[in-house]
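Remarks on the structure that follows.
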Amino acid sequence: MKTGAKLIMDGLKAEGVKTIFGLPGGAVLDIFAELYHSDFEFILTRHEQGATHMADGYARATGKTGCCIVTSGPGATNAVTGLATAYMDGIPMVCLSGQVPSSMIGNDAFQEADTTGITRAVTKHNYLVHNVDDLPRIIAEAFHIARTGKPGPVLIDIPKDVQRSASNAVRPKNMDYLRGYRPSMDGHPKQVAKLAEAINKAQKPLLYVGGGVIASGAAADLTRLARKAHIPVTTTLLGLGAFPETDPLALRMLGMHGSAAANKAVSECDLLISVGARFDDRVTGKISEFAPHALKAHIDIDPSAIDKSVIIDIPVVGDAARILPLLIPQVKTLKRSGWLNQIKQWQEQYPLAYDTQTTQLLPQYVIEQIYEVTRGNAVIVTEVGQHQMWAAHFFKYTKPRTFISSGGLGTMGFGLPAAIGVQAALRDATVVDIGGDGSTQMNIQELVVAVEHDLPINVVILNNGYLGMVRQWQEMFYKSEYSATHLGGKKAGRGKPPAYLPDFVKIAEAHGALGMRLTQKNEVAPALRKAIRSKRPCVVECIVKENENVYPMVPPGASLTEMIHSMA
Amino acid sequence: MKKHVITASVENHPGVLARIVGIISGRGYNIETLNVAPTQDPQVSRLTMQVPGDERVLEQVTKQLNKMVDVIKVTDLTQKRYLNRELVLVEVNAPSGKRAELIALADVFDARVVSVQKKSLTIQMVAERERVGDFLDLLRPYTIIDVSRSGVIAVARAD
Ligand SMILES: Cc1ncc(C[n+]2csc(CCOP(=O)(O)OP(=O)(O)O)c2C)c(N)n1
Ligand SMILES: [Mg+2]
């Protein structure tokens, strides 16, 4: 007989878990008592939201299932944002939460929350364990569900008495008994043939690639397809890295802040092949005018993604990594010189650009310098806002899992802890978290964790003194009335306002990290080199122009052809 | 808006119903009737619900339900040949002068008086959902005191 807590350890081990993120409390004391004697690497975070984003970053960087443990009540509610973030982006994660003893559930017991109720809408699946005999089965199911099909977070809520009682139960040998959960993996051969025929007939095909390609491990196949059939490629934010952006066929990102070349190609193409993307409203703009001339094909493992917002002519349901190898031999190598010339012309006419002449320190410049200094060999993690879009525009991604960002939920506070999770998984990688001054403050407490565990993340803060993305919308659509978007000390408090509020350099130092502040262009490259060489967690705060905007921009609800290129 | 009749076979686990209802209501759709009961397999429950909505809305709903781990099979019966029934128990105001009339009306609808009170009758009826609706419409002028409807249950018909 083994206790529930011991069965949990065995289950996690059997699933290949090596690193666990979390924070203890009364309802998980038994689990932590077992952890004390285990050989998992446990990373104690300072907030449960941090734990979930670390597990998420770990998963995004590796494709493995991230794992975290939180206590009941406030521990679990703190985890909700992290679960929702992972859910929206299809990231495999298992979160264990403690629960009050079974006999007390429903009594408003101390630190009780209806965790399965609260997390139902932000998890792929969740469990409340009623009986210790079910634990090995539920843990195996949770990991299976988290990583298969369209991946996602799974939560297991475990009452304290279940952790303490004993059982002889063992893991199930396989998951065949899960009759309600059989993700379709293989695409229908007829649909694949139909798609091949459409590609061979198309004059102006375009690949529109999302995070699903990265999740399925199909980036190499996708690249082969594009190069064989000469099809230009545009990616979503989460699709960055699925196709090398250094390739002439790369159109960069599409959508609200997509490149003009990509948005024009979408609007002109005669065949749009979506692979692992879900026609998000930030991508499509006005639905009725999205890819108006195109036959639309959609490869996706999630049947509910098909026809959700855009009606699809050729759906292929299954795993891209299985479908693309079937498709590639059936497509012809066509020159498509007219289309590719047109694409080239757009690329030359509308590069992603900014004012390189000014002496002022611009955020885009900092990101280009990160690209130069690392020679593109870095894992870029971002927070949410303007800096996130610039990180997408001014660094060229060539490999999957090198751009890590909260796309679907757009969670400020994701970047710093996610970068810690990435670095915990990839000890030798250069990890750069590109953050804003607003977002970085949301989980800044986790910096201590990087220091404690020798995880040398580089936090580059593009400090524009504003909740910049919101400020941009206020400038463009709300008469430049900057309601509650100004950050920083200038207007704050009595007496002489501090020059920097907060002082990120002091924050870094107080947490045991290296802090630097830059205000000039020529300081950037040396500071980045110093940070990376230091092999210590670093905060590089760059004081950048306050009112720089992200362009191009498709106004909300407008068609992709209605791009704004500047305010002038 | 068309009323769709959707049936689902689901694992008989706690929380399954909440999850299903959450999927539908979380997307802003309304469940008009809902019926759940075990099947010949005690591990499996069958759920029947009526959801008003256009075809695309309902296609999303069935796809979302199908994705759920505890849902074994979902069918939108409205796309098929199917049988439906609803059970209703209705207590209707029945002063002595109106009783004969009410009993005759129940007769026409194959409904039965199951209980007689001083000032009211309780009538039971099993019929297709439209017929139940018609019957209740005709009772309304007599003043309905209480009514309990089972919600539609349905099975597909082989050709
Ligand atoms: C948790 C959360 N709250 C609010 C928002 C809305 N929001 C989107 S971007 C943004 C501003 C981000 O500011 P900062 O991190 O400084 O980035 P910048 O846009 O200035 O580069 C806000 C408030 C959000 N995305 N997430
Ligand atoms: Mg900012």
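Lettering and numbering for the structure tokens are positional, with chains as A, B, ... in the shown order, residues counted from 1 in each chain, and ligands counted from 1 in the shown order.
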
- prompt: What residues in chain A lie within 9 Å of chain B, counting only C-alpha atoms, written as an NGL selection string?
  reply: :A and (116-117 or 120-121 or 124-125 or 127-128 or 145 or 178-183 or 302-305 or 307-308)

Hey, can you spit out that residue selection with C-alpha atoms as an mmCIF file, in the first residue's frame?
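Done, and the output landed in again.cif:
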```
data_model
loop_
_atom_site.group_PDB
_atom_site.id
_atom_site.type_symbol
_atom_site.label_atom_id
_atom_site.label_comp_id
_atom_site.auth_asym_id
_atom_site.auth_seq_id
_atom_site.Cartn_x
_atom_site.Cartn_y
_atom_site.Cartn_z
ATOM 1 C CA THR A 116 -12.775 22.346 -10.579
ATOM 2 C CA GLY A 117 -15.751 24.682 -11.001
ATOM 3 C CA ARG A 120 -13.572 24.277 -15.902
ATOM 4 C CA ALA A 121 -13.651 26.894 -18.649
ATOM 5 C CA LYS A 124 -8.842 21.093 -21.399
ATOM 6 C CA HIS A 125 -10.075 18.802 -18.654
ATOM 7 C CA TYR A 127 -10.564 16.198 -12.081
ATOM 8 C CA LEU A 128 -11.614 16.225 -8.468
ATOM 9 C CA ILE A 145 -4.982 14.419 -22.321
ATOM 10 C CA LEU A 178 -11.030 6.430 -22.843
ATOM 11 C CA ARG A 179 -13.874 6.042 -25.298
ATOM 12 C CA GLY A 180 -14.812 9.716 -25.232
ATOM 13 C CA TYR A 181 -11.311 10.914 -26.071
ATOM 14 C CA ARG A 182 -9.839 9.740 -29.367
ATOM 15 C CA PRO A 183 -8.171 12.664 -31.140
ATOM 16 C CA ASP A 302 -9.016 20.298 -33.613
ATOM 17 C CA PRO A 303 -12.243 19.596 -35.528
ATOM 18 C CA SER A 304 -13.951 22.491 -33.763
ATOM 19 C CA ALA A 305 -11.410 24.916 -35.276
ATOM 20 C CA ASP A 307 -15.531 26.509 -39.927
ATOM 21 C CA LYS A 308 -15.500 28.295 -36.558
#
```

Shell of 8 Å around ligand 2 (only C-alpha atoms and all ligand atoms), written as a ChimeraX atom specification: /A:385-387,436-439,462-469,487

query: Gly66 (chain A): which residues within 6 Å, counting only C-alpha atoms, same-chain residues fewer than 5 positions away excluded, as a ChimeraX atom specification?
result: /A:55-56,58-59,93

task: Pick out each residue of region 7-254 of chain A that DSSP on the backbone tags as helix (DSSP H, G or I); I need them as JSON, numbers by chain.
output: {"A": [7, 8, 9, 10, 11, 12, 13, 14, 26, 27, 28, 29, 30, 31, 32, 33, 34, 35, 48, 49, 50, 51, 52, 53, 54, 55, 56, 57, 58, 59, 60, 61, 62, 74, 75, 76, 77, 78, 79, 80, 81, 82, 83, 84, 85, 86, 87, 88, 89, 102, 103, 104, 115, 116, 117, 118, 119, 120, 121, 122, 132, 133, 134, 135, 136, 137, 138, 139, 140, 141, 142, 143, 144, 145, 146, 147, 160, 161, 162, 163, 164, 189, 190, 191, 192, 193, 194, 195, 196, 197, 198, 199, 200, 201, 211, 212, 213, 214, 215, 216, 219, 220, 221, 222, 223, 224, 225, 226, 227, 228, 229]}

Can I get the selection written as an mmCIF file, in the first residue's frame, with C-alpha atoms?
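After the write, selection_3.cif holds the following:
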```cif
data_model
loop_
_atom_site.group_PDB
_atom_site.id
_atom_site.type_symbol
_atom_site.label_atom_id
_atom_site.label_comp_id
_atom_site.auth_asym_id
_atom_site.auth_seq_id
_atom_site.Cartn_x
_atom_site.Cartn_y
_atom_site.Cartn_z
ATOM 1 C CA LEU A 7 1.260 7.611 -5.667
ATOM 2 C CA ILE A 8 1.431 11.172 -6.984
ATOM 3 C CA MET A 9 5.242 11.070 -6.910
ATOM 4 C CA ASP A 10 5.230 7.710 -8.711
ATOM 5 C CA GLY A 11 2.765 9.015 -11.273
ATOM 6 C CA LEU A 12 4.778 12.137 -12.046
ATOM 7 C CA LYS A 13 7.938 10.090 -12.331
ATOM 8 C CA ALA A 14 6.280 7.613 -14.680
ATOM 9 C CA GLY A 26 -1.876 23.518 4.193
ATOM 10 C CA ALA A 27 -3.759 21.411 1.683
ATOM 11 C CA VAL A 28 -0.630 20.076 -0.042
ATOM 12 C CA LEU A 29 1.618 19.469 2.966
ATOM 13 C CA ASP A 30 1.476 15.735 2.408
ATOM 14 C CA ILE A 31 2.566 16.090 -1.216
ATOM 15 C CA PHE A 32 5.423 18.368 -0.175
ATOM 16 C CA ALA A 33 6.443 15.916 2.536
ATOM 17 C CA GLU A 34 6.961 13.331 -0.208
ATOM 18 C CA LEU A 35 8.648 15.848 -2.510
ATOM 19 C CA GLU A 48 1.326 30.641 -8.049
ATOM 20 C CA GLN A 49 0.788 32.602 -11.265
ATOM 21 C CA GLY A 50 4.562 32.520 -11.641
ATOM 22 C CA ALA A 51 4.526 28.737 -11.231
ATOM 23 C CA THR A 52 1.962 28.256 -13.980
ATOM 24 C CA HIS A 53 3.794 30.524 -16.442
ATOM 25 C CA MET A 54 7.096 28.807 -15.648
ATOM 26 C CA ALA A 55 5.549 25.404 -16.325
ATOM 27 C CA ASP A 56 4.080 26.905 -19.499
ATOM 28 C CA GLY A 57 7.424 28.343 -20.669
ATOM 29 C CA TYR A 58 9.085 25.019 -19.906
ATOM 30 C CA ALA A 59 6.481 23.291 -22.072
ATOM 31 C CA ARG A 60 6.689 25.781 -24.942
ATOM 32 C CA ALA A 61 10.477 25.515 -25.053
ATOM 33 C CA THR A 62 10.583 21.721 -25.062
ATOM 34 C CA PRO A 74 -5.972 31.135 -2.948
ATOM 35 C CA GLY A 75 -3.210 28.944 -4.372
ATOM 36 C CA ALA A 76 -5.591 27.538 -6.926
ATOM 37 C CA THR A 77 -7.251 30.857 -7.754
ATOM 38 C CA ASN A 78 -3.805 32.376 -8.299
ATOM 39 C CA ALA A 79 -3.165 29.653 -10.864
ATOM 40 C CA VAL A 80 -6.230 30.492 -12.942
ATOM 41 C CA THR A 81 -4.596 33.102 -15.212
ATOM 42 C CA GLY A 82 -1.745 30.732 -15.991
ATOM 43 C CA LEU A 83 -4.127 27.929 -16.844
ATOM 44 C CA ALA A 84 -6.174 30.227 -19.084
ATOM 45 C CA THR A 85 -2.991 31.424 -20.811
ATOM 46 C CA ALA A 86 -1.922 27.850 -21.546
ATOM 47 C CA TYR A 87 -5.441 26.868 -22.577
ATOM 48 C CA MET A 88 -5.786 29.623 -25.153
ATOM 49 C CA ASP A 89 -2.451 28.728 -26.752
ATOM 50 C CA SER A 102 -13.459 15.448 1.268
ATOM 51 C CA SER A 103 -15.694 15.605 4.333
ATOM 52 C CA MET A 104 -15.398 19.394 4.434
ATOM 53 C CA THR A 115 -11.377 24.720 -7.965
ATOM 54 C CA THR A 116 -12.775 22.346 -10.579
ATOM 55 C CA GLY A 117 -15.751 24.682 -11.001
ATOM 56 C CA ILE A 118 -13.565 27.761 -11.308
ATOM 57 C CA THR A 119 -11.108 26.201 -13.759
ATOM 58 C CA ARG A 120 -13.572 24.277 -15.902
ATOM 59 C CA ALA A 121 -13.651 26.894 -18.649
ATOM 60 C CA VAL A 122 -9.868 27.387 -18.731
ATOM 61 C CA VAL A 132 -7.233 7.389 -3.602
ATOM 62 C CA ASP A 133 -7.702 4.286 -5.755
ATOM 63 C CA ASP A 134 -8.359 6.573 -8.731
ATOM 64 C CA LEU A 135 -5.149 8.583 -8.389
ATOM 65 C CA PRO A 136 -2.759 6.558 -10.581
ATOM 66 C CA ARG A 137 -5.377 6.388 -13.325
ATOM 67 C CA ILE A 138 -6.208 10.077 -13.151
ATOM 68 C CA ILE A 139 -2.567 11.170 -13.244
ATOM 69 C CA ALA A 140 -1.924 9.005 -16.307
ATOM 70 C CA GLU A 141 -5.072 10.315 -17.994
ATOM 71 C CA ALA A 142 -4.220 13.910 -17.179
ATOM 72 C CA PHE A 143 -0.826 13.738 -18.865
ATOM 73 C CA HIS A 144 -2.264 11.824 -21.804
ATOM 74 C CA ILE A 145 -4.982 14.419 -22.321
ATOM 75 C CA ALA A 146 -2.634 17.359 -21.786
ATOM 76 C CA ARG A 147 -0.178 16.337 -24.479
ATOM 77 C CA LYS A 160 -6.057 16.284 1.714
ATOM 78 C CA ASP A 161 -7.536 12.997 2.943
ATOM 79 C CA VAL A 162 -6.960 11.448 -0.493
ATOM 80 C CA GLN A 163 -3.278 12.417 -0.247
ATOM 81 C CA ARG A 164 -3.081 10.694 3.129
ATOM 82 C CA PRO A 189 -6.347 10.570 -47.665
ATOM 83 C CA LYS A 190 -9.118 11.851 -49.942
ATOM 84 C CA GLN A 191 -8.978 15.284 -48.350
ATOM 85 C CA VAL A 192 -5.187 15.320 -48.592
ATOM 86 C CA ALA A 193 -5.444 14.458 -52.318
ATOM 87 C CA LYS A 194 -8.011 17.183 -52.803
ATOM 88 C CA LEU A 195 -5.717 19.691 -51.144
ATOM 89 C CA ALA A 196 -2.776 18.565 -53.318
ATOM 90 C CA GLU A 197 -4.911 19.049 -56.411
ATOM 91 C CA ALA A 198 -5.900 22.532 -55.282
ATOM 92 C CA ILE A 199 -2.243 23.422 -54.668
ATOM 93 C CA ASN A 200 -1.272 22.120 -58.102
ATOM 94 C CA LYS A 201 -4.010 24.190 -59.720
ATOM 95 C CA GLY A 211 1.372 27.477 -33.441
ATOM 96 C CA GLY A 212 -0.124 24.073 -34.258
ATOM 97 C CA VAL A 213 2.758 23.396 -36.638
ATOM 98 C CA ILE A 214 5.226 23.940 -33.819
ATOM 99 C CA ALA A 215 3.171 21.891 -31.352
ATOM 100 C CA SER A 216 3.017 18.974 -33.768
ATOM 101 C CA ALA A 219 8.022 22.744 -38.943
ATOM 102 C CA ALA A 220 10.568 20.878 -41.073
ATOM 103 C CA ASP A 221 7.791 19.313 -43.179
ATOM 104 C CA LEU A 222 6.115 22.666 -43.595
ATOM 105 C CA THR A 223 9.378 24.157 -44.821
ATOM 106 C CA ARG A 224 9.821 21.299 -47.284
ATOM 107 C CA LEU A 225 6.311 21.824 -48.620
ATOM 108 C CA ALA A 226 6.763 25.562 -49.103
ATOM 109 C CA ARG A 227 10.101 25.178 -50.812
ATOM 110 C CA LYS A 228 9.064 22.303 -53.049
ATOM 111 C CA ALA A 229 5.865 23.919 -54.304
#
```

message: What's the separation between CA of Gly152 (chain A) and CA of Cys95 (chain A), in Å to one decimal place?
response: 11.0 Å
